[in-house]
>>> print(open('upload.cif').read())   # mmCIF, C-alpha atoms
data_coords
loop_
_atom_site.group_PDB
_atom_site.id
_atom_site.type_symbol
_atom_site.label_atom_id
_atom_site.label_comp_id
_atom_site.auth_asym_id
_atom_site.auth_seq_id
_atom_site.Cartn_x
_atom_site.Cartn_y
_atom_site.Cartn_z
ATOM 1 C CA MET A 12 68.384 95.117 95.137
ATOM 2 C CA LYS A 13 68.649 93.479 98.512
ATOM 3 C CA GLN A 14 70.663 94.219 101.604
ATOM 4 C CA VAL A 15 73.874 92.279 102.037
ATOM 5 C CA LYS A 16 74.032 89.877 104.940
ATOM 6 C CA PHE A 17 76.550 90.837 107.607
ATOM 7 C CA LEU A 18 78.676 87.743 107.022
ATOM 8 C CA LEU A 19 79.211 88.582 103.385
ATOM 9 C CA VAL A 20 79.714 92.273 104.100
ATOM 10 C CA ALA A 21 82.505 91.435 106.514
ATOM 11 C CA LEU A 22 84.383 89.488 103.891
ATOM 12 C CA MET A 23 84.999 92.587 101.838
ATOM 13 C CA ALA A 24 86.858 94.128 104.757
ATOM 14 C CA VAL A 25 89.219 91.168 104.661
ATOM 15 C CA VAL A 26 89.725 90.314 101.011
ATOM 16 C CA MET A 27 89.195 91.618 97.506
ATOM 17 C CA GLY A 28 89.679 89.457 94.440
ATOM 18 C CA MET A 29 90.668 86.336 96.374
ATOM 19 C CA SER A 30 88.723 83.616 98.113
ATOM 20 C CA VAL A 31 88.347 83.221 101.843
ATOM 21 C CA THR A 32 88.508 79.500 102.528
ATOM 22 C CA SER A 33 88.767 77.230 105.520
ATOM 23 C CA CYS A 34 88.488 73.543 106.289
ATOM 24 C CA LEU A 35 85.943 72.427 108.830
ATOM 25 C CA LYS A 36 87.385 71.044 112.055
ATOM 26 C CA GLY A 37 88.383 67.409 112.192
ATOM 27 C CA GLU A 38 91.224 65.524 110.573
ATOM 28 C CA GLU A 39 88.862 63.445 108.424
ATOM 29 C CA ASN A 40 86.719 66.356 107.292
ATOM 30 C CA ASN A 41 87.642 67.413 103.770
ATOM 31 C CA THR A 42 84.935 70.055 103.351
ATOM 32 C CA VAL A 43 86.318 73.448 102.322
ATOM 33 C CA GLN A 44 84.185 76.541 102.845
ATOM 34 C CA GLY A 45 84.773 79.948 101.329
ATOM 35 C CA SER A 46 83.470 83.157 99.814
ATOM 36 C CA LEU A 47 84.609 84.895 96.670
ATOM 37 C CA PHE A 48 83.975 87.852 94.388
ATOM 38 C CA VAL A 49 83.432 86.529 90.870
ATOM 39 C CA LYS A 50 82.480 87.489 87.354
ATOM 40 C CA VAL A 51 79.236 85.958 86.114
ATOM 41 C CA SER A 52 79.792 83.679 83.118
ATOM 42 C CA PRO A 53 76.329 82.282 82.246
ATOM 43 C CA TYR A 54 77.120 81.287 78.664
ATOM 44 C CA ASP A 55 79.933 78.901 79.503
ATOM 45 C CA PHE A 56 79.105 75.224 79.517
ATOM 46 C CA PRO A 57 78.275 74.538 82.192
ATOM 47 C CA PRO A 58 77.349 78.064 83.394
ATOM 48 C CA SER A 59 79.841 79.202 85.988
ATOM 49 C CA PHE A 60 81.427 81.960 88.022
ATOM 50 C CA VAL A 61 84.961 83.086 87.165
ATOM 51 C CA ASP A 62 87.473 84.420 89.674
ATOM 52 C CA ALA A 63 90.088 87.113 89.072
ATOM 53 C CA ALA A 64 92.705 84.516 88.105
ATOM 54 C CA GLY A 65 90.427 82.899 85.508
ATOM 55 C CA GLY A 66 89.435 79.867 87.581
ATOM 56 C CA LYS A 67 85.880 78.579 87.190
ATOM 57 C CA TRP A 68 83.534 77.892 90.114
ATOM 58 C CA ILE A 69 80.649 75.746 88.900
ATOM 59 C CA PRO A 70 77.552 75.674 91.141
ATOM 60 C CA THR A 71 75.926 72.257 91.414
ATOM 61 C CA ASN A 72 72.756 73.432 93.159
ATOM 62 C CA ALA A 73 71.842 76.739 91.486
ATOM 63 C CA THR A 74 71.516 78.452 88.146
ATOM 64 C CA VAL A 75 73.635 81.449 87.154
ATOM 65 C CA ASP A 76 71.762 84.734 86.667
ATOM 66 C CA ALA A 77 72.665 86.033 83.210
ATOM 67 C CA SER A 78 71.264 89.512 83.893
ATOM 68 C CA LYS A 79 74.110 90.540 86.236
ATOM 69 C CA SER A 80 77.839 91.019 85.707
ATOM 70 C CA MET A 81 79.371 90.295 89.116
ATOM 71 C CA ALA A 82 78.543 88.347 92.251
ATOM 72 C CA LEU A 83 79.683 87.499 95.737
ATOM 73 C CA ILE A 84 79.293 83.768 96.360
ATOM 74 C CA SER A 85 79.538 81.661 99.494
ATOM 75 C CA PHE A 86 80.254 77.981 98.859
ATOM 76 C CA GLN A 87 81.660 74.679 99.997
ATOM 77 C CA TYR A 88 83.250 71.685 98.265
ATOM 78 C CA ASP A 89 85.028 68.406 98.965
ATOM 79 C CA ARG A 90 88.744 68.948 98.428
ATOM 80 C CA THR A 91 89.312 65.275 97.645
ATOM 81 C CA THR A 92 87.350 65.747 94.407
ATOM 82 C CA VAL A 93 89.659 68.500 93.138
ATOM 83 C CA GLU A 94 92.678 67.516 91.064
ATOM 84 C CA PRO A 95 96.003 69.348 91.573
ATOM 85 C CA ASN A 96 96.231 72.468 89.363
ATOM 86 C CA ALA A 97 92.534 72.225 88.532
ATOM 87 C CA THR A 98 91.146 75.215 86.630
ATOM 88 C CA SER A 99 87.545 74.586 87.682
ATOM 89 C CA ILE A 100 85.831 73.411 90.848
ATOM 90 C CA ASN A 101 82.301 72.098 91.366
ATOM 91 C CA VAL A 102 80.865 73.821 94.440
ATOM 92 C CA THR A 103 77.696 73.810 96.494
ATOM 93 C CA LEU A 104 76.419 77.310 97.188
ATOM 94 C CA VAL A 105 75.474 77.640 100.851
ATOM 95 C CA GLU A 106 73.281 80.688 100.190
ATOM 96 C CA ASP A 107 72.009 82.647 97.211
ATOM 97 C CA PRO A 108 74.689 84.638 95.339
ATOM 98 C CA TYR A 109 74.674 88.364 95.933
ATOM 99 C CA TYR A 110 74.569 89.780 92.397
ATOM 100 C CA PHE A 111 75.561 93.338 91.520
ATOM 101 C CA ASP A 112 76.114 95.480 88.433
ATOM 102 C CA LYS A 113 79.220 96.578 86.591
ATOM 103 C CA SER A 114 79.514 99.787 84.569
ATOM 104 C CA TYR A 115 82.302 101.405 82.564
ATOM 105 C CA VAL A 116 84.085 104.538 83.696
ATOM 106 C CA THR A 117 83.647 107.212 81.046
ATOM 107 C CA SER A 118 85.717 110.223 80.057
ATOM 108 C CA THR A 119 82.612 112.386 79.703
ATOM 109 C CA GLU A 120 81.319 114.093 82.825
ATOM 110 C CA PRO A 121 77.693 113.052 83.471
ATOM 111 C CA GLU A 122 75.064 115.446 84.667
ATOM 112 C CA VAL A 123 75.734 116.809 88.133
ATOM 113 C CA GLY A 124 74.519 114.438 90.826
ATOM 114 C CA ASN A 125 71.620 115.387 93.069
ATOM 115 C CA ALA A 126 72.061 112.947 95.963
ATOM 116 C CA PRO A 127 74.959 112.455 98.375
ATOM 117 C CA MET A 128 76.676 109.236 99.344
ATOM 118 C CA TYR A 129 76.584 108.318 103.005
ATOM 119 C CA THR A 130 80.022 106.698 102.852
ATOM 120 C CA LEU A 131 82.234 104.378 100.789
ATOM 121 C CA GLU A 132 83.497 102.768 103.994
ATOM 122 C CA PRO A 133 80.396 101.506 105.818
ATOM 123 C CA GLU A 134 80.732 99.812 109.171
ATOM 124 C CA SER A 135 79.455 96.351 110.021
ATOM 125 C CA TYR A 136 79.558 94.272 113.173
ATOM 126 C CA TYR A 137 82.852 92.904 111.880
ATOM 127 C CA GLY A 138 84.570 96.198 111.142
ATOM 128 C CA VAL A 139 84.856 98.703 108.319
ATOM 129 C CA VAL A 140 83.982 97.497 104.821
ATOM 130 C CA ARG A 141 86.369 98.834 102.180
ATOM 131 C CA GLY A 142 86.499 98.529 98.427
ATOM 132 C CA GLY A 143 89.375 97.475 96.223
ATOM 133 C CA PHE A 144 90.451 96.262 92.810
ATOM 134 C CA TRP A 145 89.265 92.797 91.760
ATOM 135 C CA ASN A 146 91.785 92.833 88.940
ATOM 136 C CA LYS A 147 93.682 95.608 87.165
ATOM 137 C CA ASP A 148 90.523 96.832 85.416
ATOM 138 C CA ILE A 149 87.644 96.316 87.827
ATOM 139 C CA LEU A 150 87.110 98.278 91.027
ATOM 140 C CA ILE A 151 84.476 96.976 93.469
ATOM 141 C CA LEU A 152 83.047 99.470 95.949
ATOM 142 C CA PRO A 153 80.546 99.202 98.803
ATOM 143 C CA LEU A 154 78.140 102.109 98.292
ATOM 144 C CA ALA A 155 76.223 103.243 101.362
ATOM 145 C CA TYR A 156 73.573 105.879 100.656
ATOM 146 C CA TRP A 157 70.293 107.354 101.853
ATOM 147 C CA TYR A 158 67.050 105.796 100.643
ATOM 148 C CA LYS A 159 63.351 105.572 101.447
ATOM 149 C CA LYS A 160 62.612 102.272 103.177
ATOM 150 C CA TYR A 161 59.613 100.257 102.012
ATOM 151 C CA ASN A 162 58.511 96.735 102.833
ATOM 152 C CA ASN A 163 59.499 94.517 99.921
ATOM 153 C CA THR A 164 56.383 92.375 100.418
ATOM 154 C CA THR A 165 53.544 94.724 101.317
ATOM 155 C CA GLU A 166 54.892 97.749 99.403
ATOM 156 C CA LYS A 167 56.645 95.951 96.584
ATOM 157 C CA GLU A 168 55.912 98.495 93.834
ATOM 158 C CA LYS A 169 57.149 101.415 95.916
ATOM 159 C CA TYR A 170 60.207 99.430 97.002
ATOM 160 C CA GLU A 171 61.153 98.536 93.429
ATOM 161 C CA ALA A 172 60.576 102.108 92.223
ATOM 162 C CA GLU A 173 62.827 103.439 94.983
ATOM 163 C CA MET A 174 65.611 100.989 94.157
ATOM 164 C CA LYS A 175 65.457 101.848 90.454
ATOM 165 C CA ALA A 176 65.525 105.576 91.199
ATOM 166 C CA HIS A 177 69.162 105.493 92.335
ATOM 167 C CA SER A 178 71.929 105.456 89.734
ATOM 168 C CA PHE A 179 75.705 105.649 90.072
ATOM 169 C CA LYS A 180 78.119 106.776 87.375
ATOM 170 C CA MET A 181 81.868 107.192 87.446
ATOM 171 C CA TYR A 182 83.987 109.335 85.167
ATOM 172 C CA CYS A 183 87.589 110.407 84.749
ATOM 173 C CA ASP A 184 89.148 113.082 82.547
ATOM 174 C CA VAL A 185 92.705 111.786 82.190
ATOM 175 C CA ALA A 186 93.916 115.218 81.080
ATOM 176 C CA THR A 187 93.207 116.612 84.541
ATOM 177 C CA ASP A 188 92.575 113.562 86.747
ATOM 178 C CA PHE A 189 95.886 111.736 86.295
ATOM 179 C CA LYS A 190 98.941 113.368 87.810
ATOM 180 C CA ASP A 191 102.163 112.054 89.344
ATOM 181 C CA GLY A 192 100.912 108.486 89.195
ATOM 182 C CA VAL A 193 97.634 109.256 91.008
ATOM 183 C CA LEU A 194 94.390 108.542 89.174
ATOM 184 C CA THR A 195 91.281 110.331 90.455
ATOM 185 C CA LEU A 196 87.849 108.886 89.692
ATOM 186 C CA THR A 197 84.639 110.821 90.379
ATOM 187 C CA LEU A 198 81.533 108.942 91.481
ATOM 188 C CA VAL A 199 78.167 110.622 90.882
ATOM 189 C CA HIS A 200 74.951 109.591 92.658
ATOM 190 C CA ASP A 201 71.675 110.607 91.040
ATOM 191 C CA VAL A 202 68.091 110.008 92.178
ATOM 192 C CA ASN A 203 65.522 110.184 89.398
ATOM 193 C CA GLY A 204 62.121 108.670 90.082
ATOM 194 C CA GLY A 205 60.441 107.087 93.060
ATOM 195 C CA GLU A 206 57.956 109.099 95.092
ATOM 196 C CA GLU A 207 58.213 112.863 94.709
ATOM 197 C CA ASP A 208 59.367 115.075 97.585
ATOM 198 C CA VAL A 209 60.453 112.068 99.601
ATOM 199 C CA LYS A 210 62.665 112.497 102.637
ATOM 200 C CA ARG A 211 65.174 109.654 102.658
ATOM 201 C CA THR A 212 66.152 108.917 106.248
ATOM 202 C CA ASP A 213 67.268 105.277 106.072
ATOM 203 C CA ARG A 214 70.550 103.886 104.803
ATOM 204 C CA ILE A 215 71.291 100.918 102.571
ATOM 205 C CA MET A 216 74.443 99.393 101.120
ATOM 206 C CA ASP A 217 75.062 97.810 97.747
ATOM 207 C CA TYR A 218 78.112 96.686 95.815
ATOM 208 C CA LYS A 219 78.933 98.174 92.424
ATOM 209 C CA ALA A 220 81.772 97.330 90.045
ATOM 210 C CA PHE A 221 83.426 99.926 87.816
ATOM 211 C CA ASP A 222 85.566 99.019 84.798
ATOM 212 C CA ILE A 223 88.448 101.474 84.242
ATOM 213 C CA SER A 224 89.979 99.690 81.207
ATOM 214 C CA SER A 225 89.238 102.546 78.789
ATOM 215 C CA VAL A 226 90.811 105.027 81.201
ATOM 216 C CA LEU A 227 93.948 102.917 81.547
ATOM 217 C CA ASN A 228 94.247 102.700 77.755
ATOM 218 C CA SER A 229 94.234 106.511 77.573
ATOM 219 C CA ILE A 230 96.979 107.001 80.153
ATOM 220 C CA SER A 231 100.621 107.496 79.356
ATOM 221 C CA GLY A 232 102.359 106.499 82.560
ATOM 222 C CA THR A 233 102.046 104.187 85.536
ATOM 223 C CA VAL A 234 99.163 104.279 87.991
ATOM 224 C CA ASN A 235 100.542 104.073 91.518
ATOM 225 C CA SER A 236 97.353 104.839 93.438
ATOM 226 C CA VAL A 237 93.693 105.643 92.884
ATOM 227 C CA LYS A 238 91.423 108.145 94.594
ATOM 228 C CA VAL A 239 87.638 108.080 94.411
ATOM 229 C CA LYS A 240 85.931 111.456 94.833
ATOM 230 C CA VAL A 241 82.328 111.703 96.042
ATOM 231 C CA MET A 242 79.906 114.205 97.523
ATOM 232 C CA GLU A 243 79.090 112.914 100.998
ATOM 233 C CA ASN A 244 76.641 113.723 103.777
ATOM 234 C CA GLN A 245 76.394 111.538 106.878
ATOM 235 C CA SER A 246 73.773 113.716 108.571
ATOM 236 C CA SER A 247 70.947 113.754 106.047
ATOM 237 C CA ASP A 248 70.053 113.184 102.399
ATOM 238 C CA SER A 249 70.600 116.872 101.596
ATOM 239 C CA TYR A 250 72.870 117.313 98.584
ATOM 240 C CA THR A 251 73.326 121.039 99.155
ATOM 241 C CA ASP A 252 74.828 120.302 102.573
ATOM 242 C CA ALA A 253 77.155 117.583 101.238
ATOM 243 C CA SER A 254 80.918 118.015 101.115
ATOM 244 C CA GLU A 255 83.591 116.515 98.914
ATOM 245 C CA LYS A 256 85.348 113.401 100.199
ATOM 246 C CA LEU A 257 88.326 111.500 98.750
ATOM 247 C CA TYR A 258 88.892 107.785 99.334
ATOM 248 C CA ASN A 259 92.282 106.203 98.727
ATOM 249 C CA ILE A 260 92.305 102.840 96.943
ATOM 250 C CA GLU A 261 95.417 100.701 96.587
ATOM 251 C CA TYR A 262 96.470 99.854 93.030
ATOM 252 C CA LYS A 263 99.219 97.266 92.680
ATOM 253 C CA PHE A 264 99.070 96.213 89.064
ATOM 254 C CA ALA A 265 101.532 96.669 86.242
ATOM 255 C CA LYS A 266 100.077 98.400 83.221
#
>>> encode(input="upload.cif", output="structure tokens")
Amino acid sequence: MKQVKFLLVALMAVVMGMSVTSCLKGEENNTVQGSLFVKVSPYDFPPSFVDAAGGKWIPTNATVDASKSMALISFQYDRTTVEPNATSINVTLVEDPYYFDKSYVTSTEPEVGNAPMYTLEPESYYGVVRGGFWNKDILILPLAYWYKKYNNTTEKEKYEAEMKAHSFKMYCDVATDFKDGVLTLTLVHDVNGGEEDVKRTDRIMDYKAFDISSVLNSISGTVNSVKVKVMENQSSDSYTDASEKLYNIEYKFAK
């Protein structure tokens, strides 16, 4: 896992599930630049990224990593090469995609977490970063949490062990967590591995995607809003001193 560059972090505060595009200055300049949250589709031909509307974004200068589910891409393309109503666009990636994982929300409560979140609304130089729904099924969240910082070059093994030690699971019991149109999802942060008895004093942010399709299929009624419940501590990595925090997420999709 790597830290997200500030430019890409800022985009999440502006848009979720749509592209941010702009044309470079100059009447004769047809270069369009943008950034977009996408699903990874490595087994298409050619391998591509797929947006929330089903459009394909085909990178001409990079391969698609088949080991990940989602990505945030930053790209550019010549708009004169795109036909009206095109369903795919060939793009040049202006930096490496930021890949992140997707997991399914379960109805079974996992083991109690042992590590707090720092926040689900981290701040960047560009403002507060907030999560949202990519489509009716997939929720993308920025997860800021405490970790032990190691140099990825000189302490690579320790760094990788620390990154693998953190896991995030989300569950929802629709019998108790869906009421009056409000769906409550519980996010659990667990640390298992890494160095023992480590004090985690640094903070890192990563994106995670959570698929709520099975939850929606179990609900009788309309979801009007979603709340994400976490245990949070912004002072230290102590779980015993953490307190419960609810985050409101807009949901504007018909079932």
>>> resolve_selection(input="upload.cif", expression="the PyMOL selection byres ((chain A and resi 100-110) around 7)", output="PDB file with C-alpha atoms, in the frame of the given file")
ATOM      1  CA  LYS A  67      85.880  78.579  87.190  1.00  0.00           C
ATOM      2  CA  TRP A  68      83.534  77.892  90.114  1.00  0.00           C
ATOM      3  CA  ILE A  69      80.649  75.746  88.900  1.00  0.00           C
ATOM      4  CA  PRO A  70      77.552  75.674  91.141  1.00  0.00           C
ATOM      5  CA  THR A  71      75.926  72.257  91.414  1.00  0.00           C
ATOM      6  CA  ASN A  72      72.756  73.432  93.159  1.00  0.00           C
ATOM      7  CA  LYS A  79      74.110  90.540  86.236  1.00  0.00           C
ATOM      8  CA  MET A  81      79.371  90.295  89.116  1.00  0.00           C
ATOM      9  CA  ALA A  82      78.543  88.347  92.251  1.00  0.00           C
ATOM     10  CA  LEU A  83      79.683  87.499  95.737  1.00  0.00           C
ATOM     11  CA  ILE A  84      79.293  83.768  96.360  1.00  0.00           C
ATOM     12  CA  SER A  85      79.538  81.661  99.494  1.00  0.00           C
ATOM     13  CA  PHE A  86      80.254  77.981  98.859  1.00  0.00           C
ATOM     14  CA  GLN A  87      81.660  74.679  99.997  1.00  0.00           C
ATOM     15  CA  TYR A  88      83.250  71.685  98.265  1.00  0.00           C
ATOM     16  CA  VAL A  93      89.659  68.500  93.138  1.00  0.00           C
ATOM     17  CA  SER A  99      87.545  74.586  87.682  1.00  0.00           C
ATOM     18  CA  PHE A 111      75.561  93.338  91.520  1.00  0.00           C
TER      19      PHE A 111
END
>>> resolve_selection(input="upload.cif", expression="the PyMOL selection byres ((chain A and resi 42) around 8)", output="PyMOL selection string")
chain A and resi 34-35+40-41+43-44+87-90
>>> resolve_selection(input="upload.cif", expression="the PyMOL selection byres ((chain A and resi 181) around 10)", output="ChimeraX atom specification")
/A:114-121,179-180,182-183,196-200,221-223,239-241
>>> atom_distance(input="upload.cif", atom1="CA of Glu173 in chain A", atom2="CA of Gly124 in chain A")
16.6 Å
>>> closest_residue(input="upload.cif", among="A:Ala155, A:Ile230, A:Ala126, A:Ile260", to="Lys210 in chain A", atoms="all atoms listed in the file")
A:Ala126
>>> closest_residue(input="upload.cif", among="A:Asp112, A:Asp208, A:Asp201, A:Asp248", to="Pro153 in chain A", atoms="all atoms listed in the file")
A:Asp112
>>> residues_around(input="upload.cif", residues="Ala265 in chain A", least_positions_apart="5", cutoff="9 Å", atoms="only C-alpha atoms", output="list of chain:residue names")
A:Lys147, A:Thr233, A:Val234
>>> closest_residue(input="upload.cif", among="A:Val51, A:Ala186, A:Leu131, A:Val123", to="Asn244 in chain A", atoms="only C-alpha atoms")
A:Leu131
>>> closest_residue(input="upload.cif", among="A:Thr98, A:Asp76, A:Gly143, A:Thr212", to="Gln245 in chain A", atoms="only C-alpha atoms")
A:Thr212
>>> atom_distance(input="upload.cif", atom1="CA of Pro58 in chain A", atom2="CA of Val75 in chain A")
6.3 Å
>>> closest_residue(input="upload.cif", among="A:Gly204, A:Asp148, A:Met242, A:Asp213", to="Glu171 in chain A", atoms="all atoms listed in the file")
A:Gly204
>>> atom_distance(input="upload.cif", atom1="CA of Asn259 in chain A", atom2="CA of Val237 in chain A")
6.0 Å
>>> closest_residue(input="upload.cif", among="A:Ala63, A:Met216, A:Val202, A:Asp191", to="Gly232 in chain A", atoms="all atoms listed in the file")
A:Asp191
>>> residues_near_point(input="upload.cif", point="(68.6, 100.5, 94.0)", cutoff="10 Å", atoms="all atoms listed in the file", output="ChimeraX atom specification")
/A:12-13,156,158,170-179,202,215-217
>>> decode(input="upload.cif", residues="range 149-247 of chain A", atoms="C-alpha atoms", output="JSON list (two decimals), in the first residue's frame")
[["chain", "number", "residue", "atom", "x", "y", "z"],
["A", 149, "ILE", "CA", -20.23, 0.02, -4.08],
["A", 150, "LEU", "CA", -19.23, 2.44, -1.33],
["A", 151, "ILE", "CA", -15.73, 3.95, -1.51],
["A", 152, "LEU", "CA", -14.27, 5.29, 1.73],
["A", 153, "PRO", "CA", -11.02, 7.06, 2.62],
["A", 154, "LEU", "CA", -9.71, 5.24, 5.69],
["A", 155, "ALA", "CA", -7.27, 7.17, 7.86],
["A", 156, "TYR", "CA", -5.73, 5.13, 10.68],
["A", 157, "TRP", "CA", -2.73, 4.80, 12.96],
["A", 158, "TYR", "CA", 0.26, 2.79, 11.76],
["A", 159, "LYS", "CA", 3.95, 2.23, 12.40],
["A", 160, "LYS", "CA", 6.00, 4.10, 9.81],
["A", 161, "TYR", "CA", 8.89, 2.29, 8.14],
["A", 162, "ASN", "CA", 11.04, 3.24, 5.18],
["A", 163, "ASN", "CA", 9.79, 1.29, 2.18],
["A", 164, "THR", "CA", 13.33, 0.99, 0.82],
["A", 165, "THR", "CA", 15.62, 0.40, 3.78],
["A", 166, "GLU", "CA", 13.03, -1.38, 5.96],
["A", 167, "LYS", "CA", 10.99, -3.04, 3.25],
["A", 168, "GLU", "CA", 10.16, -6.25, 5.13],
["A", 169, "LYS", "CA", 8.95, -4.38, 8.20],
["A", 170, "TYR", "CA", 6.99, -1.95, 6.03],
["A", 171, "GLU", "CA", 5.23, -4.74, 4.13],
["A", 172, "ALA", "CA", 4.48, -6.66, 7.35],
["A", 173, "GLU", "CA", 2.94, -3.53, 8.89],
["A", 174, "MET", "CA", 0.75, -2.88, 5.85],
["A", 175, "LYS", "CA", -0.48, -6.48, 5.80],
["A", 176, "ALA", "CA", -1.25, -6.39, 9.52],
["A", 177, "HIS", "CA", -4.20, -4.03, 9.07],
["A", 178, "SER", "CA", -7.54, -5.41, 7.90],
["A", 179, "PHE", "CA", -10.94, -3.78, 7.50],
["A", 180, "LYS", "CA", -14.28, -5.57, 7.48],
["A", 181, "MET", "CA", -17.80, -4.23, 7.23],
["A", 182, "TYR", "CA", -20.99, -5.91, 8.33],
["A", 183, "CYS", "CA", -24.69, -5.18, 8.61],
["A", 184, "ASP", "CA", -27.48, -7.09, 10.34],
["A", 185, "VAL", "CA", -30.52, -5.92, 8.39],
["A", 186, "ALA", "CA", -32.84, -7.08, 11.17],
["A", 187, "THR", "CA", -31.46, -4.39, 13.47],
["A", 188, "ASP", "CA", -29.42, -2.08, 11.21],
["A", 189, "PHE", "CA", -32.14, -1.00, 8.77],
["A", 190, "LYS", "CA", -34.87, 1.22, 10.15],
["A", 191, "ASP", "CA", -37.01, 4.01, 8.70],
["A", 192, "GLY", "CA", -35.01, 4.02, 5.48],
["A", 193, "VAL", "CA", -31.64, 4.37, 7.24],
["A", 194, "LEU", "CA", -29.06, 1.64, 6.70],
["A", 195, "THR", "CA", -26.26, 1.40, 9.27],
["A", 196, "LEU", "CA", -23.00, -0.30, 8.32],
["A", 197, "THR", "CA", -20.33, -1.14, 10.90],
["A", 198, "LEU", "CA", -16.67, -0.94, 9.94],
["A", 199, "VAL", "CA", -14.19, -2.98, 11.99],
["A", 200, "HIS", "CA", -10.43, -2.33, 12.02],
["A", 201, "ASP", "CA", -8.20, -5.17, 13.18],
["A", 202, "VAL", "CA", -4.41, -5.31, 13.53],
["A", 203, "ASN", "CA", -2.97, -8.82, 13.47],
["A", 204, "GLY", "CA", 0.74, -9.16, 12.81],
["A", 205, "GLY", "CA", 3.61, -6.77, 12.32],
["A", 206, "GLU", "CA", 6.01, -6.13, 15.18],
["A", 207, "GLU", "CA", 4.71, -7.02, 18.63],
["A", 208, "ASP", "CA", 4.00, -4.34, 21.23],
["A", 209, "VAL", "CA", 4.39, -1.59, 18.66],
["A", 210, "LYS", "CA", 3.21, 1.92, 19.42],
["A", 211, "ARG", "CA", 1.63, 3.31, 16.26],
["A", 212, "THR", "CA", 2.05, 7.09, 16.26],
["A", 213, "ASP", "CA", 1.89, 7.93, 12.55],
["A", 214, "ARG", "CA", -1.16, 8.18, 10.33],
["A", 215, "ILE", "CA", -1.79, 6.90, 6.82],
["A", 216, "MET", "CA", -4.75, 6.96, 4.45],
["A", 217, "ASP", "CA", -5.98, 4.35, 2.01],
["A", 218, "TYR", "CA", -9.09, 3.86, -0.08],
["A", 219, "LYS", "CA", -11.28, 0.80, 0.37],
["A", 220, "ALA", "CA", -14.41, -0.23, -1.52],
["A", 221, "PHE", "CA", -17.28, -2.11, 0.11],
["A", 222, "ASP", "CA", -19.95, -3.96, -1.87],
["A", 223, "ILE", "CA", -23.39, -3.84, -0.18],
["A", 224, "SER", "CA", -25.29, -5.78, -2.90],
["A", 225, "SER", "CA", -26.09, -8.74, -0.63],
["A", 226, "VAL", "CA", -27.40, -6.38, 2.04],
["A", 227, "LEU", "CA", -29.63, -4.58, -0.45],
["A", 228, "ASN", "CA", -31.04, -7.91, -1.63],
["A", 229, "SER", "CA", -32.04, -8.72, 1.96],
["A", 230, "ILE", "CA", -33.87, -5.45, 2.57],
["A", 231, "SER", "CA", -37.58, -4.95, 2.19],
["A", 232, "GLY", "CA", -37.92, -1.22, 1.71],
["A", 233, "THR", "CA", -36.12, 1.79, 0.29],
["A", 234, "VAL", "CA", -32.73, 2.99, 1.49],
["A", 235, "ASN", "CA", -32.84, 6.75, 1.91],
["A", 236, "SER", "CA", -29.51, 7.24, 3.68],
["A", 237, "VAL", "CA", -26.53, 5.28, 4.96],
["A", 238, "LYS", "CA", -24.55, 5.61, 8.17],
["A", 239, "VAL", "CA", -21.12, 4.09, 8.74],
["A", 240, "LYS", "CA", -20.28, 3.30, 12.37],
["A", 241, "VAL", "CA", -16.66, 3.07, 13.54],
["A", 242, "MET", "CA", -14.61, 3.14, 16.72],
["A", 243, "GLU", "CA", -12.45, 6.25, 16.48],
["A", 244, "ASN", "CA", -9.54, 7.79, 18.37],
["A", 245, "GLN", "CA", -7.79, 10.91, 17.08],
["A", 246, "SER", "CA", -5.41, 11.16, 20.04],
["A", 247, "SER", "CA", -3.62, 7.82, 19.97]]
